[in-house]
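For reference, the structure is listed below as structure tokens.
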Amino acid sequence: MRSTEQAPPTAQNPTKFDIALRGGRVAFNATDIFHDLDLTLQAGSFTCLLGPSGVGKSTLLRYFAGLVEGDVSGTITCSDNIPLAGRVAYMAQQDLLLPWRTVHENVVLGAVLRGEKPKHDKASHLLSEVGLADAAHLRPAELSGGMKQRAALARTLMEDRPVVLMDEPFSALDPLNRLRLQELAARVLRGKTVLLVTHDPLEALRLGDRVHVLSGSPARLQDAITPKGQSPRNIAVPDILAQQAELLGQLGAEPSEGAA
């Protein structure tokens with residue numbers, strides 16, 4: 001199991017590096033979710049992962065985070081020859097907010113757990129960016145589902161790691177907040193190496209430099225689609241709409257029997 005203990009980048013812990021998964025395999029109860037799976041996350045780029053529910057997208061994300069239990073094999077190497085552990089921020093599908101802490105206290109939790117002095121001004125700025133400035137003093141039970149997701153996003157951005165793994169980070173948001181938070185993520189995470197799981201082809205094409213579909217049982221990766229231009233992109237242009245049709249075609253492949 002790979003460690004997820006996190007440490008800030010240093011001169012010996014650079015911020016831009018390719019990450020290569022080779023021969024990845026995860027099995028539960030002797031059933032392979034995927035095997036012999038290869039995926040390279042290019043330095044400073046946004047990779048998006050689509051696929052039907054239950055195919056193993058979240059499992060693959062947790063594989064990179066070092067959080068998968070079960071029968072796991074394969075290798076993850078970084079192009080700078082430094083282990084990935086300690087350089088990752090992970091945002092799960094669940095908000096994982098501590099119910100006894102305020103929104104602001106949840107956002108600075110990473111620093112508190114590491115015994116560091118929290119950067120309260122930065123946390124307040126991020127909460128303003130995600131539209132939660134007036135909710136900073138509230139506890140999670142007082143928030144809507146979308147507000148909890150925005151708080152979890154602020155906490156993830158607060159960590160400022162070179163690698164960011166995000167599992168459906170905008171799924172609970174209304175359409176307008178979804179677009180606004182996509183723009184925020186594209187801006188704040190520019191230059192970082194990001195792997196984002198989503199069910200929305202247009203979201204993937206708006207944000208991703210490379211978009212993969214995971215399908216089948218055991219799951220396999222389809223060839224990447226590479227949208228043009230810098231994110232966040234205009235999803236109404238003909239090229240994006242054509243690529244959406246291509247992705248929808250890939251998503252219409254054989255249904256999966258795996259587990260997410």
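In the structure tokens, chains take letters A, B, ... by order of appearance, with residues numbered from 1 within each chain and ligands from 1 in the order shown.
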Can you tell me which residues surround Gln42 in chain A at a distance of at most 9 Å, considering only C-alpha atoms, apart from same-chain residues fewer than 4 positions away, and format the answer as a VMD selection string?
chain A and resid 16 to 20 46 to 47 193 to 194
Those of range 114-251 of chain A in DSSP helix (DSSP H, G or I), formatted as number ranges by chain
A: 120-129, 133-135, 140-142, 145-159, 175-188, 201-207, 238-251
I need the residues from that last selection saved to file as a tab-separated table (two decimals), in the first residue's frame (with C-alpha atoms), if you can.
chain	number	residue	atom	x	y	z
A	120	HIS	CA	-6.06	31.52	7.68
A	121	ASP	CA	-5.95	34.34	5.13
A	122	LYS	CA	-5.51	31.87	2.29
A	123	ALA	CA	-8.37	29.74	3.62
A	124	SER	CA	-10.65	32.77	3.81
A	125	HIS	CA	-9.71	33.71	0.24
A	126	LEU	CA	-10.51	30.22	-1.06
A	127	LEU	CA	-13.81	30.15	0.81
A	128	SER	CA	-14.69	33.45	-0.84
A	129	GLU	CA	-13.73	31.99	-4.23
A	133	ALA	CA	-17.37	33.35	2.82
A	134	ASP	CA	-20.61	33.82	4.74
A	135	ALA	CA	-20.68	30.15	5.78
A	140	PRO	CA	-21.28	20.71	8.06
A	141	ALA	CA	-24.74	19.79	9.39
A	142	GLU	CA	-25.85	23.34	8.55
A	145	GLY	CA	-24.88	19.02	-0.24
A	146	GLY	CA	-23.50	21.49	-2.76
A	147	MET	CA	-22.05	23.70	-0.02
A	148	LYS	CA	-20.31	20.69	1.53
A	149	GLN	CA	-18.80	19.84	-1.84
A	150	ARG	CA	-17.56	23.41	-2.26
A	151	ALA	CA	-15.99	23.28	1.21
A	152	ALA	CA	-14.26	20.01	0.32
A	153	LEU	CA	-12.96	21.60	-2.89
A	154	ALA	CA	-11.57	24.57	-0.93
A	155	ARG	CA	-9.83	22.16	1.44
A	156	THR	CA	-8.29	20.31	-1.51
A	157	LEU	CA	-7.07	23.53	-3.13
A	158	MET	CA	-5.71	24.64	0.25
A	159	GLU	CA	-3.23	21.76	0.24
A	175	PRO	CA	-25.40	24.21	-13.22
A	176	LEU	CA	-24.27	27.80	-12.61
A	177	ASN	CA	-22.09	26.97	-9.61
A	178	ARG	CA	-20.76	23.95	-11.47
A	179	LEU	CA	-19.52	26.15	-14.34
A	180	ARG	CA	-18.09	28.72	-11.93
A	181	LEU	CA	-16.25	26.13	-9.85
A	182	GLN	CA	-14.91	24.45	-13.00
A	183	GLU	CA	-13.42	27.81	-13.97
A	184	LEU	CA	-11.93	28.23	-10.50
A	185	ALA	CA	-10.39	24.74	-10.57
A	186	ALA	CA	-8.96	25.31	-14.06
A	187	ARG	CA	-7.34	28.55	-12.91
A	188	VAL	CA	-6.06	27.48	-9.48
A	201	PRO	CA	-18.32	14.27	-21.17
A	202	LEU	CA	-18.67	18.03	-21.60
A	203	GLU	CA	-17.08	18.66	-18.20
A	204	ALA	CA	-14.18	16.41	-19.21
A	205	LEU	CA	-13.77	18.22	-22.54
A	206	ARG	CA	-14.04	21.63	-20.89
A	207	LEU	CA	-11.28	20.87	-18.39
A	238	PRO	CA	-18.07	22.40	-33.20
A	239	ASP	CA	-14.80	20.62	-32.32
A	240	ILE	CA	-15.90	20.04	-28.71
A	241	LEU	CA	-19.35	18.87	-29.77
A	242	ALA	CA	-17.78	16.42	-32.23
A	243	GLN	CA	-15.51	15.08	-29.50
A	244	GLN	CA	-18.51	14.76	-27.18
A	245	ALA	CA	-20.15	12.53	-29.79
A	246	GLU	CA	-16.96	10.44	-29.95
A	247	LEU	CA	-16.90	10.07	-26.17
A	248	LEU	CA	-20.56	9.12	-26.06
A	249	GLY	CA	-19.78	6.44	-28.63
A	250	GLN	CA	-17.00	5.08	-26.45
A	251	LEU	CA	-19.27	5.17	-23.40
Skip range 209-225 of chain A itself and residues of its chain fewer than 3 positions away, then list as a PDB file with N, CA and C atoms, in the first residue's frame all residues within 8 Å of it, counting only C-alpha atoms.
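Result file is result_16.pdb:
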ATOM      1  N   ASP A  32     -11.061  -9.444 -11.093  1.00  0.00           N
ATOM      2  CA  ASP A  32     -10.274  -8.287 -11.493  1.00  0.00           C
ATOM      3  C   ASP A  32     -11.179  -7.116 -11.856  1.00  0.00           C
ATOM      4  N   ILE A  33     -10.923  -5.959 -11.229  1.00  0.00           N
ATOM      5  CA  ILE A  33     -11.573  -4.720 -11.655  1.00  0.00           C
ATOM      6  C   ILE A  33     -10.874  -4.222 -12.915  1.00  0.00           C
ATOM      7  N   PHE A  34      -9.545  -4.224 -12.884  1.00  0.00           N
ATOM      8  CA  PHE A  34      -8.737  -4.014 -14.090  1.00  0.00           C
ATOM      9  C   PHE A  34      -7.418  -4.741 -13.894  1.00  0.00           C
ATOM     10  N   HIS A  35      -6.760  -5.064 -15.006  1.00  0.00           N
ATOM     11  CA  HIS A  35      -5.431  -5.656 -14.922  1.00  0.00           C
ATOM     12  C   HIS A  35      -4.613  -5.222 -16.140  1.00  0.00           C
ATOM     13  N   LEU A  37      -3.094  -2.592 -16.705  1.00  0.00           N
ATOM     14  CA  LEU A  37      -3.546  -1.262 -17.108  1.00  0.00           C
ATOM     15  C   LEU A  37      -2.383  -0.277 -17.035  1.00  0.00           C
ATOM     16  N   SER A  45      -0.498  18.661 -16.529  1.00  0.00           N
ATOM     17  CA  SER A  45      -1.676  18.554 -17.389  1.00  0.00           C
ATOM     18  C   SER A  45      -2.875  18.033 -16.615  1.00  0.00           C
ATOM     19  N   PHE A  46      -4.061  18.191 -17.225  1.00  0.00           N
ATOM     20  CA  PHE A  46      -5.346  17.801 -16.641  1.00  0.00           C
ATOM     21  C   PHE A  46      -5.827  16.566 -17.393  1.00  0.00           C
ATOM     22  N   THR A  47      -5.859  15.413 -16.739  1.00  0.00           N
ATOM     23  CA  THR A  47      -6.373  14.183 -17.338  1.00  0.00           C
ATOM     24  C   THR A  47      -7.741  13.894 -16.745  1.00  0.00           C
ATOM     25  N   CYS A  48      -8.729  13.668 -17.601  1.00  0.00           N
ATOM     26  CA  CYS A  48     -10.081  13.358 -17.134  1.00  0.00           C
ATOM     27  C   CYS A  48     -10.425  11.919 -17.483  1.00  0.00           C
ATOM     28  N   LEU A  49     -11.157  11.284 -16.579  1.00  0.00           N
ATOM     29  CA  LEU A  49     -11.500   9.871 -16.707  1.00  0.00           C
ATOM     30  C   LEU A  49     -13.010   9.715 -16.667  1.00  0.00           C
ATOM     31  N   LEU A  50     -13.558   9.174 -17.757  1.00  0.00           N
ATOM     32  CA  LEU A  50     -14.988   8.906 -17.875  1.00  0.00           C
ATOM     33  C   LEU A  50     -15.226   7.399 -17.882  1.00  0.00           C
ATOM     34  N   GLY A  51     -16.469   7.017 -17.647  1.00  0.00           N
ATOM     35  CA  GLY A  51     -16.821   5.609 -17.730  1.00  0.00           C
ATOM     36  C   GLY A  51     -18.151   5.349 -17.066  1.00  0.00           C
ATOM     37  N   PRO A  52     -18.777   4.222 -17.386  1.00  0.00           N
ATOM     38  CA  PRO A  52     -20.061   3.896 -16.769  1.00  0.00           C
ATOM     39  C   PRO A  52     -19.914   3.672 -15.269  1.00  0.00           C
ATOM     40  N   VAL A  55     -17.525   0.880 -13.112  1.00  0.00           N
ATOM     41  CA  VAL A  55     -16.474   0.296 -13.943  1.00  0.00           C
ATOM     42  C   VAL A  55     -15.123   0.270 -13.242  1.00  0.00           C
ATOM     43  N   GLY A  56     -14.918   1.141 -12.258  1.00  0.00           N
ATOM     44  CA  GLY A  56     -13.642   1.154 -11.549  1.00  0.00           C
ATOM     45  C   GLY A  56     -12.911   2.482 -11.604  1.00  0.00           C
ATOM     46  N   LYS A  57     -13.596   3.551 -11.971  1.00  0.00           N
ATOM     47  CA  LYS A  57     -12.942   4.866 -12.057  1.00  0.00           C
ATOM     48  C   LYS A  57     -12.425   5.315 -10.691  1.00  0.00           C
ATOM     49  N   ALA A 204     -15.506  16.947 -18.897  1.00  0.00           N
ATOM     50  CA  ALA A 204     -14.177  16.414 -19.210  1.00  0.00           C
ATOM     51  C   ALA A 204     -13.535  17.187 -20.356  1.00  0.00           C
ATOM     52  N   LEU A 205     -14.311  17.503 -21.393  1.00  0.00           N
ATOM     53  CA  LEU A 205     -13.774  18.224 -22.543  1.00  0.00           C
ATOM     54  C   LEU A 205     -13.506  19.686 -22.218  1.00  0.00           C
ATOM     55  N   LYS A 228      -8.580  20.797 -28.023  1.00  0.00           N
ATOM     56  CA  LYS A 228      -7.663  21.880 -28.367  1.00  0.00           C
ATOM     57  C   LYS A 228      -7.849  23.063 -27.418  1.00  0.00           C
ATOM     58  N   GLN A 230      -6.668  25.949 -24.266  1.00  0.00           N
ATOM     59  CA  GLN A 230      -6.484  25.916 -22.818  1.00  0.00           C
ATOM     60  C   GLN A 230      -7.838  25.870 -22.111  1.00  0.00           C
ATOM     61  N   SER A 231      -7.909  25.120 -21.029  1.00  0.00           N
ATOM     62  CA  SER A 231      -9.136  25.057 -20.241  1.00  0.00           C
ATOM     63  C   SER A 231      -9.250  26.290 -19.353  1.00  0.00           C
ATOM     64  N   GLN A 243     -16.202  15.952 -30.440  1.00  0.00           N
ATOM     65  CA  GLN A 243     -15.507  15.075 -29.499  1.00  0.00           C
ATOM     66  C   GLN A 243     -16.464  14.524 -28.448  1.00  0.00           C
ATOM     67  N   LEU A 247     -16.912  10.609 -27.529  1.00  0.00           N
ATOM     68  CA  LEU A 247     -16.902  10.068 -26.167  1.00  0.00           C
ATOM     69  C   LEU A 247     -18.175   9.290 -25.868  1.00  0.00           C
ATOM     70  N   GLN A 250     -17.836   5.947 -27.269  1.00  0.00           N
ATOM     71  CA  GLN A 250     -17.001   5.079 -26.445  1.00  0.00           C
ATOM     72  C   GLN A 250     -17.740   4.624 -25.193  1.00  0.00           C
ATOM     73  N   LEU A 251     -18.540   5.503 -24.626  1.00  0.00           N
ATOM     74  CA  LEU A 251     -19.273   5.166 -23.404  1.00  0.00           C
ATOM     75  C   LEU A 251     -20.390   4.171 -23.675  1.00  0.00           C
ATOM     76  N   ALA A 253     -20.035   1.456 -25.128  1.00  0.00           N
ATOM     77  CA  ALA A 253     -19.449   0.128 -25.279  1.00  0.00           C
ATOM     78  C   ALA A 253     -20.021  -0.821 -24.255  1.00  0.00           C
ATOM     79  N   GLU A 254     -19.526  -2.052 -24.292  1.00  0.00           N
ATOM     80  CA  GLU A 254     -19.991  -3.128 -23.432  1.00  0.00           C
ATOM     81  C   GLU A 254     -20.104  -2.681 -21.969  1.00  0.00           C
ATOM     82  N   PRO A 255     -21.263  -2.916 -21.323  1.00  0.00           N
ATOM     83  CA  PRO A 255     -21.440  -2.514 -19.935  1.00  0.00           C
ATOM     84  C   PRO A 255     -20.482  -3.233 -19.004  1.00  0.00           C
ATOM     85  N   SER A 256     -20.147  -2.564 -17.930  1.00  0.00           N
ATOM     86  CA  SER A 256     -19.193  -3.099 -16.973  1.00  0.00           C
ATOM     87  C   SER A 256     -19.886  -3.858 -15.853  1.00  0.00           C
ATOM     88  N   GLU A 257     -19.178  -4.863 -15.334  1.00  0.00           N
ATOM     89  CA  GLU A 257     -19.674  -5.568 -14.139  1.00  0.00           C
ATOM     90  C   GLU A 257     -18.734  -5.363 -12.958  1.00  0.00           C
ATOM     91  N   GLY A 258     -17.790  -4.436 -13.112  1.00  0.00           N
ATOM     92  CA  GLY A 258     -16.821  -4.187 -12.043  1.00  0.00           C
ATOM     93  C   GLY A 258     -17.412  -3.337 -10.948  1.00  0.00           C
TER      94      GLY A 258
END
Counting only C-alpha atoms, which residues in range 57-154 of chain A sit no more than 10 Å from range 196-199 of chain A? For each one, give the nearest pair of atoms and the distance in Å, sorted by chain then residue number, as CSV.
residue,atom,partner,partner_atom,distance
A:Lys57,CA,A:Val197,CA,6.6
A:Ser58,CA,A:Val197,CA,7.1
A:Leu60,CA,A:Val197,CA,9.4
A:Leu61,CA,A:Val197,CA,7.6
A:Met91,CA,A:Leu196,CA,9.4
A:Ala92,CA,A:Val197,CA,9.9
A:Gln93,CA,A:Val197,CA,9.5
I need the chosen residues saved as a tab-separated table (two decimals), in the first residue's frame, with N, CA and C atoms.
chain	number	residue	atom	x	y	z
A	57	LYS	N	-13.60	3.55	-11.97
A	57	LYS	CA	-12.94	4.87	-12.06
A	57	LYS	C	-12.43	5.32	-10.69
A	58	SER	N	-13.28	5.22	-9.68
A	58	SER	CA	-12.86	5.62	-8.34
A	58	SER	C	-11.76	4.72	-7.81
A	60	LEU	N	-9.44	3.29	-9.64
A	60	LEU	CA	-8.20	3.72	-10.28
A	60	LEU	C	-7.66	5.00	-9.64
A	61	LEU	N	-8.55	5.91	-9.30
A	61	LEU	CA	-8.13	7.15	-8.63
A	61	LEU	C	-7.49	6.82	-7.28
A	91	MET	N	-9.33	14.41	-3.33
A	91	MET	CA	-10.70	14.80	-3.02
A	91	MET	C	-11.63	13.65	-3.38
A	92	ALA	N	-12.21	13.02	-2.36
A	92	ALA	CA	-13.08	11.86	-2.56
A	92	ALA	C	-14.48	12.30	-2.98
A	93	GLN	N	-15.31	11.34	-3.39
A	93	GLN	CA	-16.71	11.63	-3.71
A	93	GLN	C	-17.43	12.18	-2.49
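In this structure, CA of Thr75 in chain A sits 6.7 Å away from CA of Gly24 in chain A.
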Expected answer as a list in words: strand (DSSP E or B) residues in range 87-178 of chain A
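Strand (DSSP E or B) members of range 87-178 of chain A, listed: Val88, Ala89, Tyr90, Met91, Val163, Val164, Leu165, Met166 and Asp167 of chain A.
Note that CA of Ile76 in chain A and CA of Phe28 in chain A are 20.1 Å apart.
Considering the residues A:Asp174, A:Asp160, A:Asp167, A:Asp200 and counting only C-alpha atoms, Asp95 in chain A has its shortest atom-to-atom contact with A:Asp167.
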